[in-house]
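Encoded as structure tokens, the structure appears first; notes follow it.
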Amino acid sequence: MEITTFNDKIKITNLRQFNIGEVLECGQCFRFEKLDNNFYSLVAFSHTLFAKQRGDAAEFWYENRKLDIEEFKEIWVDYFDLERDYEKIQQKIAQDDPIMQRAVEFAPGIRLLNQDPWEILLSFIISANNRIPQIKQVIKNICEAYGENSSFPTPEQLKNVTAEDFRVLKTGFRDKYLVDAVAHVLAGNLPIQRDESVSTADLRERLLAVKGIGEKVAHCILLMGYGRYNSFPVDVWVQRVMERLYFNGEKTSVAKIHQFAGERWGDYASFANQYLFHYIRMNPEAD
DNA sequence: ATCCAGGATCTCC
DNA sequence: GGAGATCATGGA
């Protein structure tokens, strides 16, 4: 991977295991728009980034100002998880596993984004029993209503927002859950930056104490917000693909699926989860 | 029109 | 622990 700059853009060549479309559309993030094939805009850290890819080369730039190499390395290399060896991960999880091999080969350009825990917290509360286009719309509504320049609002900025206020933004029955999440963060019950000194078990307990966060959403937040890669969210899709392809079509409890994922994939379970989720969602009849 | 969505909660057993 | 009803919203 080589990073260079030209005009006011960043150019990366020799990109491996990275596809901007697969990264953004595999269900892990919500603030992005597809502008054309292999051409997207996305919002993170109060910045709108444009990204265009062709083969193993990609360009990244801002709309109104220069994106230099220092800033790209400071912010976006970590965000896109570009320093992790995904070739090794893919080999490891797909070894002696033809099912996982197919899932990886279907979208080998997936990367697990390092996203803001606070934004992920609210986003995945909103995701419960919801569709992705609607999740995106609700998050956009919240950003435009309370964020500075339509960036994701801070806990402070949501301090006095009521359930009724959220309801206007089309959150539906999740309005009170969002109020509770804001309160938990403002009370200091939940760290809103990645803090490796807090154990995953402790974080999980703290998350489950928030109304609207159950087992599945907690795993999503641990995975995408806090980077705890042994997390394994089990939604209807993952349950379906696990039962069909790993449990011989038999109905299986979430606890048993967690045990299986932990034993088979360990600290790479989250990567396996993301490949599987995207694979079954794009190929509902897959075997 | 009825069903359903990357679920969670409440109730009841 | 598990089964069933309910929860807003909007698209098919």
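For the structure tokens, the naming scheme is as follows: chains receive sequential letters (A, B, ...) according to their order of presentation, residues are indexed from 1 within each chain, and ligands are indexed from 1 in presentation order.
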Interface residues on chain C facing chain A, 8 Å, only C-alpha atoms (C1' of nucleotides), written as a ChimeraX atom specification: /C:7-9
Spatial neighbours of DG2 of chain C, 12 Å, only C-alpha atoms (C1' of nucleotides), chain gap at least 3 places, as an MDAnalysis selection string: (chainID A and resid 253) or (chainID B and resid 12:13)
Quick one: residues within 9 Å of Val217 of chain A, only C-alpha atoms (C1' of nucleotides), excluding same-chain residues fewer than 6 positions away - as a PDB file with N, CA and C atoms (P, O5', C5', C4', C3', O3' and C1' of nucleotides), in the first residue's frame?
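Output (around07.pdb):
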ATOM      1  N   LEU A 121     -23.330   3.918  19.443  1.00  0.00           N
ATOM      2  CA  LEU A 121     -24.293   3.650  20.521  1.00  0.00           C
ATOM      3  C   LEU A 121     -25.707   4.030  20.096  1.00  0.00           C
ATOM      4  N   PHE A 124     -27.064   2.126  16.720  1.00  0.00           N
ATOM      5  CA  PHE A 124     -27.539   0.752  16.783  1.00  0.00           C
ATOM      6  C   PHE A 124     -28.737   0.588  17.716  1.00  0.00           C
ATOM      7  N   ILE A 125     -29.009   1.561  18.560  1.00  0.00           N
ATOM      8  CA  ILE A 125     -30.292   1.572  19.253  1.00  0.00           C
ATOM      9  C   ILE A 125     -31.389   1.833  18.220  1.00  0.00           C
ATOM     10  N   SER A 127     -31.236   1.029  15.195  1.00  0.00           N
ATOM     11  CA  SER A 127     -31.294  -0.054  14.207  1.00  0.00           C
ATOM     12  C   SER A 127     -32.285  -1.151  14.582  1.00  0.00           C
ATOM     13  N   ALA A 128     -32.698  -1.191  15.850  1.00  0.00           N
ATOM     14  CA  ALA A 128     -33.552  -2.292  16.296  1.00  0.00           C
ATOM     15  C   ALA A 128     -34.867  -2.346  15.537  1.00  0.00           C
ATOM     16  N   LEU A 207     -23.619  -1.570  28.837  1.00  0.00           N
ATOM     17  CA  LEU A 207     -24.479  -1.368  27.672  1.00  0.00           C
ATOM     18  C   LEU A 207     -25.869  -1.951  27.905  1.00  0.00           C
ATOM     19  N   LEU A 208     -25.919  -3.156  28.492  1.00  0.00           N
ATOM     20  CA  LEU A 208     -27.205  -3.816  28.708  1.00  0.00           C
ATOM     21  C   LEU A 208     -28.063  -3.070  29.734  1.00  0.00           C
ATOM     22  N   PRO A 233     -22.531 -10.376  16.881  1.00  0.00           N
ATOM     23  CA  PRO A 233     -23.964 -10.035  16.881  1.00  0.00           C
ATOM     24  C   PRO A 233     -24.782 -11.104  16.158  1.00  0.00           C
ATOM     25  N   VAL A 234     -25.837 -11.563  16.804  1.00  0.00           N
ATOM     26  CA  VAL A 234     -26.714 -12.563  16.174  1.00  0.00           C
ATOM     27  C   VAL A 234     -28.073 -11.940  15.915  1.00  0.00           C
ATOM     28  N   ASP A 235     -28.274 -11.508  14.693  1.00  0.00           N
ATOM     29  CA  ASP A 235     -29.576 -10.989  14.280  1.00  0.00           C
ATOM     30  C   ASP A 235     -30.275 -12.089  13.485  1.00  0.00           C
TER      31      ASP A 235
ATOM     32  P    DG B   6     -33.339  -5.149   7.620  1.00  0.00           P
ATOM     33  O5'  DG B   6     -32.150  -5.438   8.591  1.00  0.00           O
ATOM     34  C5'  DG B   6     -32.097  -4.953   9.860  1.00  0.00           C
ATOM     35  C4'  DG B   6     -31.579  -6.055  10.762  1.00  0.00           C
ATOM     36  C3'  DG B   6     -31.548  -5.674  12.240  1.00  0.00           C
ATOM     37  O3'  DG B   6     -31.795  -6.838  13.002  1.00  0.00           O
ATOM     38  C1'  DG B   6     -29.404  -6.166  11.541  1.00  0.00           C
ATOM     39  P    DG B   7     -33.292  -7.213  13.424  1.00  0.00           P
ATOM     40  O5'  DG B   7     -33.442  -6.578  14.880  1.00  0.00           O
ATOM     41  C5'  DG B   7     -32.778  -7.218  15.934  1.00  0.00           C
ATOM     42  C4'  DG B   7     -32.823  -6.313  17.129  1.00  0.00           C
ATOM     43  C3'  DG B   7     -32.568  -7.024  18.441  1.00  0.00           C
ATOM     44  O3'  DG B   7     -32.005  -6.086  19.347  1.00  0.00           O
ATOM     45  C1'  DG B   7     -34.827  -6.336  18.340  1.00  0.00           C
TER      46       DG B   7
END
So which bits of segment 56-278 of chain A end up strand (DSSP E) when you DSSP the backbone, as an mmCIF file with N, CA and C atoms, in the first residue's frame?
data_model
loop_
_atom_site.group_PDB
_atom_site.id
_atom_site.type_symbol
_atom_site.label_atom_id
_atom_site.label_comp_id
_atom_site.auth_asym_id
_atom_site.auth_seq_id
_atom_site.Cartn_x
_atom_site.Cartn_y
_atom_site.Cartn_z
ATOM 1 N N ALA A 57 -6.570 0.850 -6.735
ATOM 2 C CA ALA A 57 -6.198 2.252 -6.518
ATOM 3 C C ALA A 57 -7.421 3.040 -6.077
ATOM 4 N N ALA A 58 -7.226 3.942 -5.123
ATOM 5 C CA ALA A 58 -8.352 4.734 -4.618
ATOM 6 C C ALA A 58 -7.922 6.167 -4.350
ATOM 7 N N GLU A 59 -8.879 7.069 -4.470
ATOM 8 C CA GLU A 59 -8.626 8.480 -4.165
ATOM 9 C C GLU A 59 -9.568 8.924 -3.065
ATOM 10 N N PHE A 60 -9.059 9.776 -2.173
ATOM 11 C CA PHE A 60 -9.856 10.335 -1.079
ATOM 12 C C PHE A 60 -9.648 11.837 -1.035
ATOM 13 N N TRP A 61 -10.743 12.590 -0.851
ATOM 14 C CA TRP A 61 -10.587 14.034 -0.790
ATOM 15 C C TRP A 61 -11.756 14.701 -0.072
#
Residue among A:Trp118, A:Phe72, A:Trp237, A:Phe45 lying closest to chain B, counting only C-alpha atoms (C1' of nucleotides): A:Trp237
Residue contacts of DA12 of chain C (12 Å, only C-alpha atoms (C1' of nucleotides)) excluding same-chain residues fewer than 3 positions away, as a list in words: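 Contacts, in chain order: DA1, DT2, DC3, DC4 and DA5 of chain B.
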So that I can check the secondary structure, give me every residue of segment 61-163 of chain A assigned helix (DSSP H, G or I) by backbone DSSP, as a PDB file with C-alpha atoms, in the first residue's frame.
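Below is the file that was written, result_33.pdb:
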ATOM      1  CA  ILE A  69      -1.079  13.002   4.096  1.00  0.00           C
ATOM      2  CA  GLU A  70      -0.644  13.896   7.757  1.00  0.00           C
ATOM      3  CA  GLU A  71      -4.370  14.288   8.284  1.00  0.00           C
ATOM      4  CA  PHE A  72      -5.158  11.192   6.257  1.00  0.00           C
ATOM      5  CA  LYS A  73      -2.814   9.119   8.369  1.00  0.00           C
ATOM      6  CA  GLU A  74      -4.021  10.744  11.557  1.00  0.00           C
ATOM      7  CA  ILE A  75      -7.713  10.111  10.938  1.00  0.00           C
ATOM      8  CA  TRP A  76      -8.599   7.945   7.999  1.00  0.00           C
ATOM      9  CA  VAL A  77      -5.971   5.193   7.997  1.00  0.00           C
ATOM     10  CA  ASP A  78      -7.273   4.156  11.388  1.00  0.00           C
ATOM     11  CA  TYR A  79     -10.919   4.709  10.452  1.00  0.00           C
ATOM     12  CA  TYR A  86      -6.779  -8.783   6.461  1.00  0.00           C
ATOM     13  CA  GLU A  87      -5.113 -11.376   4.275  1.00  0.00           C
ATOM     14  CA  LYS A  88      -3.983 -13.142   7.426  1.00  0.00           C
ATOM     15  CA  ILE A  89      -7.413 -12.808   9.016  1.00  0.00           C
ATOM     16  CA  GLN A  90      -9.155 -14.208   5.966  1.00  0.00           C
ATOM     17  CA  GLN A  91      -6.816 -17.168   5.832  1.00  0.00           C
ATOM     18  CA  LYS A  92      -7.217 -17.834   9.510  1.00  0.00           C
ATOM     19  CA  ILE A  93     -11.002 -17.807   9.687  1.00  0.00           C
ATOM     20  CA  ALA A  94     -11.525 -19.635   6.395  1.00  0.00           C
ATOM     21  CA  PRO A  98     -15.501 -23.939   2.868  1.00  0.00           C
ATOM     22  CA  ILE A  99     -18.513 -21.951   4.086  1.00  0.00           C
ATOM     23  CA  MET A 100     -16.422 -19.101   5.417  1.00  0.00           C
ATOM     24  CA  GLN A 101     -14.249 -19.341   2.330  1.00  0.00           C
ATOM     25  CA  ARG A 102     -17.253 -18.577   0.144  1.00  0.00           C
ATOM     26  CA  ALA A 103     -18.332 -15.711   2.408  1.00  0.00           C
ATOM     27  CA  VAL A 104     -14.862 -14.154   2.300  1.00  0.00           C
ATOM     28  CA  GLU A 105     -14.532 -14.594  -1.443  1.00  0.00           C
ATOM     29  CA  PHE A 106     -17.898 -12.932  -1.983  1.00  0.00           C
ATOM     30  CA  PRO A 117     -18.506   4.629  20.139  1.00  0.00           C
ATOM     31  CA  TRP A 118     -20.944   7.426  20.930  1.00  0.00           C
ATOM     32  CA  GLU A 119     -22.315   7.590  17.419  1.00  0.00           C
ATOM     33  CA  ILE A 120     -22.446   3.788  17.202  1.00  0.00           C
ATOM     34  CA  LEU A 121     -24.293   3.650  20.521  1.00  0.00           C
ATOM     35  CA  LEU A 122     -27.214   5.725  19.278  1.00  0.00           C
ATOM     36  CA  SER A 123     -27.082   4.355  15.732  1.00  0.00           C
ATOM     37  CA  PHE A 124     -27.539   0.752  16.783  1.00  0.00           C
ATOM     38  CA  ILE A 125     -30.292   1.572  19.253  1.00  0.00           C
ATOM     39  CA  ILE A 126     -32.058   3.061  16.248  1.00  0.00           C
ATOM     40  CA  ILE A 132     -31.187   0.390   6.822  1.00  0.00           C
ATOM     41  CA  PRO A 133     -32.593   3.227   4.648  1.00  0.00           C
ATOM     42  CA  GLN A 134     -34.792   4.310   7.551  1.00  0.00           C
ATOM     43  CA  ILE A 135     -31.930   4.044  10.047  1.00  0.00           C
ATOM     44  CA  LYS A 136     -29.864   6.297   7.776  1.00  0.00           C
ATOM     45  CA  GLN A 137     -32.703   8.793   7.512  1.00  0.00           C
ATOM     46  CA  VAL A 138     -33.304   8.986  11.260  1.00  0.00           C
ATOM     47  CA  ILE A 139     -29.598   9.499  11.991  1.00  0.00           C
ATOM     48  CA  LYS A 140     -29.500  12.209   9.354  1.00  0.00           C
ATOM     49  CA  ASN A 141     -32.519  13.866  10.957  1.00  0.00           C
ATOM     50  CA  ILE A 142     -30.779  13.894  14.342  1.00  0.00           C
ATOM     51  CA  CYS A 143     -27.565  15.317  12.875  1.00  0.00           C
ATOM     52  CA  GLU A 144     -29.405  18.085  11.061  1.00  0.00           C
ATOM     53  CA  ALA A 145     -31.550  18.952  14.054  1.00  0.00           C
ATOM     54  CA  TYR A 146     -28.898  19.011  16.782  1.00  0.00           C
ATOM     55  CA  GLU A 148     -23.145  21.542  14.426  1.00  0.00           C
ATOM     56  CA  ASN A 149     -23.030  21.805  10.644  1.00  0.00           C
ATOM     57  CA  SER A 150     -24.967  18.537  10.453  1.00  0.00           C
ATOM     58  CA  GLU A 156     -24.032  17.785  25.602  1.00  0.00           C
ATOM     59  CA  GLN A 157     -26.001  18.856  22.570  1.00  0.00           C
ATOM     60  CA  LEU A 158     -28.581  16.134  23.246  1.00  0.00           C
ATOM     61  CA  ALA A 163     -38.597  11.720  23.829  1.00  0.00           C
TER      62      ALA A 163
END
